[in-house]
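Note: the block below is structure17.txt and it holds compact mmCIF, C-alpha atoms.
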# COMPACT_ATOMS: atom_id res chain seq x y z
CA MET A 1039 99.23 79.55 153.99
CA ASP A 1040 98.28 80.04 157.61
CA ALA A 1041 98.32 83.39 159.42
CA ALA A 1042 101.53 82.63 161.34
CA GLU A 1043 103.45 81.78 158.17
CA GLU A 1044 102.06 84.86 156.44
CA ALA A 1045 103.14 87.06 159.37
CA ARG A 1046 106.62 85.51 159.30
CA LEU A 1047 106.98 86.14 155.56
CA ILE A 1048 105.72 89.72 155.92
CA ALA A 1049 108.32 90.38 158.63
CA LEU A 1050 111.08 88.97 156.40
CA ALA A 1051 109.84 90.96 153.40
CA ARG A 1052 109.80 94.15 155.46
CA ASP A 1053 113.49 93.50 156.13
CA GLY A 1054 114.11 93.36 152.37
CA ASP A 1055 113.81 89.61 151.73
CA GLY A 1056 112.61 89.40 148.12
CA ARG A 1057 112.07 85.63 148.28
CA ALA A 1058 109.70 86.00 151.22
CA PHE A 1059 107.77 88.66 149.32
CA GLY A 1060 107.69 86.35 146.29
CA ARG A 1061 106.09 83.63 148.38
CA LEU A 1062 103.46 86.10 149.57
CA VAL A 1063 102.78 87.10 145.97
CA ASP A 1064 102.53 83.45 144.88
CA ALA A 1065 100.00 82.78 147.63
CA CYS A 1066 97.59 85.56 146.70
CA GLN A 1067 98.19 86.50 143.08
CA GLY A 1068 95.21 84.48 141.83
CA ALA A 1069 92.84 86.30 144.19
CA VAL A 1070 94.27 89.72 143.33
CA ARG A 1071 94.19 89.11 139.59
CA GLY A 1072 90.68 87.66 139.77
CA PHE A 1073 89.47 90.64 141.79
CA ALA A 1074 91.01 93.07 139.31
CA ARG A 1075 89.45 91.26 136.32
CA ARG A 1076 86.01 91.29 137.92
CA LEU A 1077 86.30 94.88 139.05
CA ILE A 1078 87.61 96.30 135.78
CA GLY A 1079 86.13 93.98 133.16
CA ASP A 1080 89.12 94.28 130.84
CA ALA A 1081 91.65 91.45 131.26
CA THR A 1082 94.64 93.39 129.94
CA GLU A 1083 94.04 96.43 132.13
CA ALA A 1084 93.29 94.17 135.09
CA GLU A 1085 96.65 92.43 134.69
CA ASP A 1086 98.39 95.80 134.58
CA ILE A 1087 96.61 96.95 137.75
CA ALA A 1088 97.39 93.65 139.53
CA GLN A 1089 101.08 93.84 138.61
CA GLU A 1090 101.30 97.46 139.69
CA ALA A 1091 99.50 96.58 142.94
CA PHE A 1092 102.22 94.06 143.81
CA VAL A 1093 104.94 96.62 143.05
CA ARG A 1094 103.20 99.19 145.23
CA ALA A 1095 102.60 96.61 147.96
CA TRP A 1096 106.37 95.96 148.06
CA GLU A 1097 107.00 99.70 148.31
CA GLN A 1098 104.30 100.22 150.95
CA LEU A 1099 104.79 97.04 152.97
CA ALA A 1100 105.67 99.07 156.07
CA ARG A 1101 102.09 100.46 156.03
CA LEU A 1102 100.54 96.98 156.34
CA ASN A 1103 98.99 96.56 159.79
CA ARG A 1104 100.53 93.71 161.79
CA ASP A 1105 97.24 91.80 162.01
CA ALA A 1106 96.03 92.51 158.46
CA SER A 1107 95.81 90.01 155.63
CA PHE A 1108 98.37 90.48 152.85
CA ARG A 1109 95.76 89.43 150.29
CA ALA A 1110 93.32 92.08 151.49
CA PHE A 1111 96.12 94.66 151.59
CA VAL A 1112 97.12 94.03 147.96
CA CYS A 1113 93.48 94.00 146.81
CA GLY A 1114 93.05 97.36 148.55
CA VAL A 1115 96.11 98.70 146.75
CA ALA A 1116 94.71 97.42 143.44
CA TYR A 1117 91.35 99.04 144.17
CA ASN A 1118 92.99 102.39 144.91
CA LEU A 1119 95.08 102.16 141.73
CA TRP A 1120 91.93 101.49 139.73
CA ARG A 1121 90.12 104.43 141.31
CA THR A 1122 93.07 106.69 140.54
CA ALA A 1123 93.12 105.53 136.92
CA ARG A 1124 89.39 106.05 136.32
CA ARG A 1125 89.99 108.88 133.87
CA GLY A 1126 91.24 106.24 131.43
CA ARG A 1127 88.00 104.34 131.82
CA ARG A 1128 86.31 106.63 129.30
CA ARG A 1129 88.50 105.24 126.53
CA ARG A 1130 87.92 101.68 127.73
CA HIS A 1131 84.15 102.23 127.84
CA ALA A 1132 84.27 103.43 124.24
CA ARG A 1133 86.10 100.22 123.26
CA GLU A 1134 83.61 98.09 125.19
CA HIS A 1135 80.72 99.92 123.56
CA ASP A 1136 82.18 99.15 120.12
CA TYR A 1137 82.69 95.51 121.13
CA ALA A 1138 79.12 95.25 122.42
CA ARG A 1139 77.76 96.83 119.24
CA ASP A 1140 79.74 94.35 117.13
CA ALA A 1141 78.57 91.44 119.30
CA ASP A 1142 74.95 92.54 118.91
CA GLN A 1143 75.34 92.63 115.13
CA THR A 1144 76.67 89.09 114.90
CA GLU A 1145 73.86 86.63 114.30
CA GLU A 1146 75.28 83.57 116.03
CA GLN A 1147 77.03 84.14 119.35
CA PRO A 1148 77.88 81.41 121.82
CA ARG A 1149 75.51 81.52 124.75
CA GLU A 1150 78.35 81.88 127.29
CA ALA A 1151 79.86 84.88 125.49
CA LEU A 1152 76.50 86.62 125.47
CA ALA A 1153 76.02 85.89 129.17
CA ARG A 1154 79.49 87.31 130.00
CA LEU A 1155 78.78 90.39 127.91
CA ALA A 1156 75.43 90.91 129.65
CA LEU A 1157 77.08 90.51 133.06
CA ARG A 1158 79.83 93.00 132.14
CA ARG A 1159 77.23 95.52 130.99
CA ALA A 1160 75.24 95.02 134.19
CA MET A 1161 78.37 95.37 136.36
CA ASN A 1162 79.25 98.62 134.56
CA THR A 1163 75.94 100.12 135.71
CA LEU A 1164 76.88 99.73 139.38
CA ALA A 1165 78.61 102.37 141.47
CA PRO A 1166 82.36 101.70 141.80
CA ASP A 1167 82.26 100.76 145.51
CA GLN A 1168 79.30 98.45 144.91
CA ARG A 1169 81.02 96.83 141.93
CA ALA A 1170 84.20 96.31 143.96
CA ALA A 1171 82.28 94.73 146.86
CA LEU A 1172 80.53 92.32 144.49
CA ALA A 1173 83.75 91.47 142.66
CA LEU A 1174 85.45 90.61 145.94
CA CYS A 1175 82.62 88.85 147.78
CA LEU A 1176 80.96 87.01 144.92
CA GLY A 1177 83.75 86.74 142.39
CA ALA A 1178 86.84 86.28 144.56
CA GLU A 1179 85.05 84.61 147.50
CA PHE A 1180 86.22 87.15 150.06
CA THR A 1181 84.33 87.32 153.33
CA HIS A 1182 82.54 90.57 154.03
CA ALA A 1183 85.21 91.39 156.62
CA GLU A 1184 88.05 90.77 154.14
CA ALA A 1185 86.34 92.91 151.51
CA ALA A 1186 85.77 95.67 154.06
CA ALA A 1187 89.48 95.64 154.91
CA ALA A 1188 90.52 95.68 151.25
CA LEU A 1189 88.14 98.51 150.32
CA HIS A 1190 88.58 100.51 153.53
CA LEU A 1191 84.82 100.47 154.10
CA PRO A 1192 82.75 99.52 157.15
CA ILE A 1193 81.59 95.89 157.07
CA GLY A 1194 77.94 96.98 157.13
CA THR A 1195 78.50 99.09 154.04
CA VAL A 1196 80.08 96.12 152.23
CA LYS A 1197 77.14 93.90 153.19
CA SER A 1198 74.74 96.56 151.93
CA HIS A 1199 76.68 96.95 148.67
CA VAL A 1200 76.61 93.19 148.09
CA LEU A 1201 72.90 92.87 148.86
CA ARG A 1202 71.81 95.86 146.77
CA GLY A 1203 74.34 95.21 144.00
CA ARG A 1204 73.17 91.61 143.63
CA ALA A 1205 69.56 92.82 143.36
CA LYS A 1206 70.52 95.40 140.72
CA LEU A 1207 72.40 92.76 138.73
CA ARG A 1208 69.48 90.36 138.85
CA GLU A 1209 67.17 93.14 137.68
CA ALA A 1210 69.54 94.25 134.91
CA LEU A 1211 69.92 90.64 133.73
CA GLY A 1212 66.16 90.09 133.77
CA LEU A 1213 66.29 87.43 136.46
CA ALA A 1214 63.51 86.98 138.98
CA VAL A 1215 64.27 88.92 142.15
CA GLU A 1216 64.24 86.69 145.23
CA SER A 1217 61.76 87.69 147.87
CA GLN A 1218 63.43 88.83 151.06
CA ALA A 1219 61.35 87.77 154.00
Please express the file's structure as structure tokens.
Amino acid sequence: MDAAEEARLIALARDGDGRAFGRLVDACQGAVRGFARRLIGDATEAEDIAQEAFVRAWEQLARLNRDASFRAFVCGVAYNLWRTARRGRRRRHAREHDYARDADQTEEQPREALARLALRRAMNTLAPDQRAALALCLGAEFTHAEAAAALHLPIGTVKSHVLRGRAKLREALGLAVESQA
């Protein structure tokens, strides 16, 4: 969907057109859900956050800047919902710890499952803003500018989070760190 069509649909949705809002949701729901899954690490909770983000986006559509991307707006809403719900993360971390312990005790694990588990563990060591920047830029293929808009951070901060977060992940996963000349 091009920017003109998106702007037209946003204007219609602001006037209460549910079908126009539905088309906006259809256009960006994959990106929002993917971002939430990468950010949170738990598919069920990520789906809940993504769904709630679309509900809140409908309620807060008047706050969307005229020149802003709807996709970035909804990802920003999802990010804020996740940050607000962080108290519940303690329970989720306990579940993940139990899952990881059980996975470590199993003798034969598929290589891909072990790699995903290692990546999830490494992502959980990152600061929340850094994890969100990586999830958007590397996982959801956002540009640095789009991620900055979604996270309400300066673009330089997003670039820094991506650069440093990638290095921390490589270190945590035991991969050779690329020399930066």
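For the pair CA of Ala1156 (chain A) and CA of Ala1210 (chain A), the interatomic distance is 8.6 Å.
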Determine, using all atoms listed in the file, which residues of region 1154-1204 of chain A have any atom at most 10 Å from an atom of region 1074-1092 of chain A, and tabulate each with its shortest atom pair and distance in Å to one decimal place, rows ordered by chain and then rising number, as a Markdown table.
| residue | atom | partner | partner_atom | distance |
| --- | --- | --- | --- | --- |
| A:Arg1154 | CA | A:Gly1079 | CA | 9.9 |
| A:Leu1155 | CA | A:Gly1079 | CA | 9.7 |
| A:Leu1157 | CA | A:Gly1079 | CA | 9.7 |
| A:Arg1158 | CA | A:Gly1079 | CA | 6.5 |
| A:Arg1159 | CA | A:Gly1079 | CA | 9.3 |
| A:Met1161 | CA | A:Leu1077 | CA | 8.4 |
| A:Asn1162 | CA | A:Gly1079 | CA | 8.4 |
| A:Pro1166 | CA | A:Leu1077 | CA | 8.3 |
| A:Asp1167 | CA | A:Leu1077 | CA | 9.6 |
| A:Gln1168 | CA | A:Leu1077 | CA | 9.8 |
| A:Arg1169 | CA | A:Leu1077 | CA | 6.3 |
| A:Ala1170 | CA | A:Leu1077 | CA | 5.5 |
| A:Ala1171 | CA | A:Leu1077 | CA | 8.8 |
| A:Leu1172 | CA | A:Leu1077 | CA | 8.3 |
| A:Ala1173 | CA | A:Arg1076 | CA | 5.3 |
| A:Leu1174 | CA | A:Arg1076 | CA | 8.1 |
| A:Leu1176 | CA | A:Arg1076 | CA | 9.6 |
| A:Gly1177 | CA | A:Arg1076 | CA | 6.8 |
| A:Ala1178 | CA | A:Arg1076 | CA | 8.4 |
Prev. selection, C-alpha atoms, output as a PDB file, in the coordinates of the input:
ATOM      1  CA  ARG A1154      79.490  87.310 130.000  1.00  0.00           C
ATOM      2  CA  LEU A1155      78.780  90.390 127.910  1.00  0.00           C
ATOM      3  CA  LEU A1157      77.080  90.510 133.060  1.00  0.00           C
ATOM      4  CA  ARG A1158      79.830  93.000 132.140  1.00  0.00           C
ATOM      5  CA  ARG A1159      77.230  95.520 130.990  1.00  0.00           C
ATOM      6  CA  MET A1161      78.370  95.370 136.360  1.00  0.00           C
ATOM      7  CA  ASN A1162      79.250  98.620 134.560  1.00  0.00           C
ATOM      8  CA  PRO A1166      82.360 101.700 141.800  1.00  0.00           C
ATOM      9  CA  ASP A1167      82.260 100.760 145.510  1.00  0.00           C
ATOM     10  CA  GLN A1168      79.300  98.450 144.910  1.00  0.00           C
ATOM     11  CA  ARG A1169      81.020  96.830 141.930  1.00  0.00           C
ATOM     12  CA  ALA A1170      84.200  96.310 143.960  1.00  0.00           C
ATOM     13  CA  ALA A1171      82.280  94.730 146.860  1.00  0.00           C
ATOM     14  CA  LEU A1172      80.530  92.320 144.490  1.00  0.00           C
ATOM     15  CA  ALA A1173      83.750  91.470 142.660  1.00  0.00           C
ATOM     16  CA  LEU A1174      85.450  90.610 145.940  1.00  0.00           C
ATOM     17  CA  LEU A1176      80.960  87.010 144.920  1.00  0.00           C
ATOM     18  CA  GLY A1177      83.750  86.740 142.390  1.00  0.00           C
ATOM     19  CA  ALA A1178      86.840  86.280 144.560  1.00  0.00           C
TER      20      ALA A1178
END
Open item on the list: Applying 9 Å and all atoms listed in the file, which residues near region 1179-1185 of chain A remain after dropping the ones on its own chain fewer than 3 positions away? List them as a list in words.
Closed with: Ala1069, Ser1107, Arg1109, Ala1110, Cys1113, Gly1114, Ala1170, Ala1171, Ala1173, Leu1174, Cys1175, Leu1176, Ala1188, Leu1189, His1190, Leu1191, Pro1192, Ile1193, Gly1194, Val1196, Lys1197 and Val1200 of chain A
TODO: Could you tell me how far CA of Val1115 (chain A) lies from CA of Ala1065 (chain A), in Å and to one decimal?
DONE: 16.4 Å
Task: Close residues, Ala1049 (chain A) itself excluded, 10 Å, all atoms listed in the file, min 2 positions apart in chain, as number ranges by chain - done: A: 1043-1047, 1051-1055, 1058-1059, 1099-1100, 1104
Task: Atom pair CA of Phe1111 (chain A) / CA of Ala1095 (chain A): separation (Å) - done: 7.7 Å
Task: Pick from A:Arg1208, A:Arg1094, A:Arg1149, A:Arg1202 nearest to Ala1165 (chain A), counting all atoms listed in the file - done: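 Selected residue with least distance to Ala1165 (chain A): A:Arg1202.
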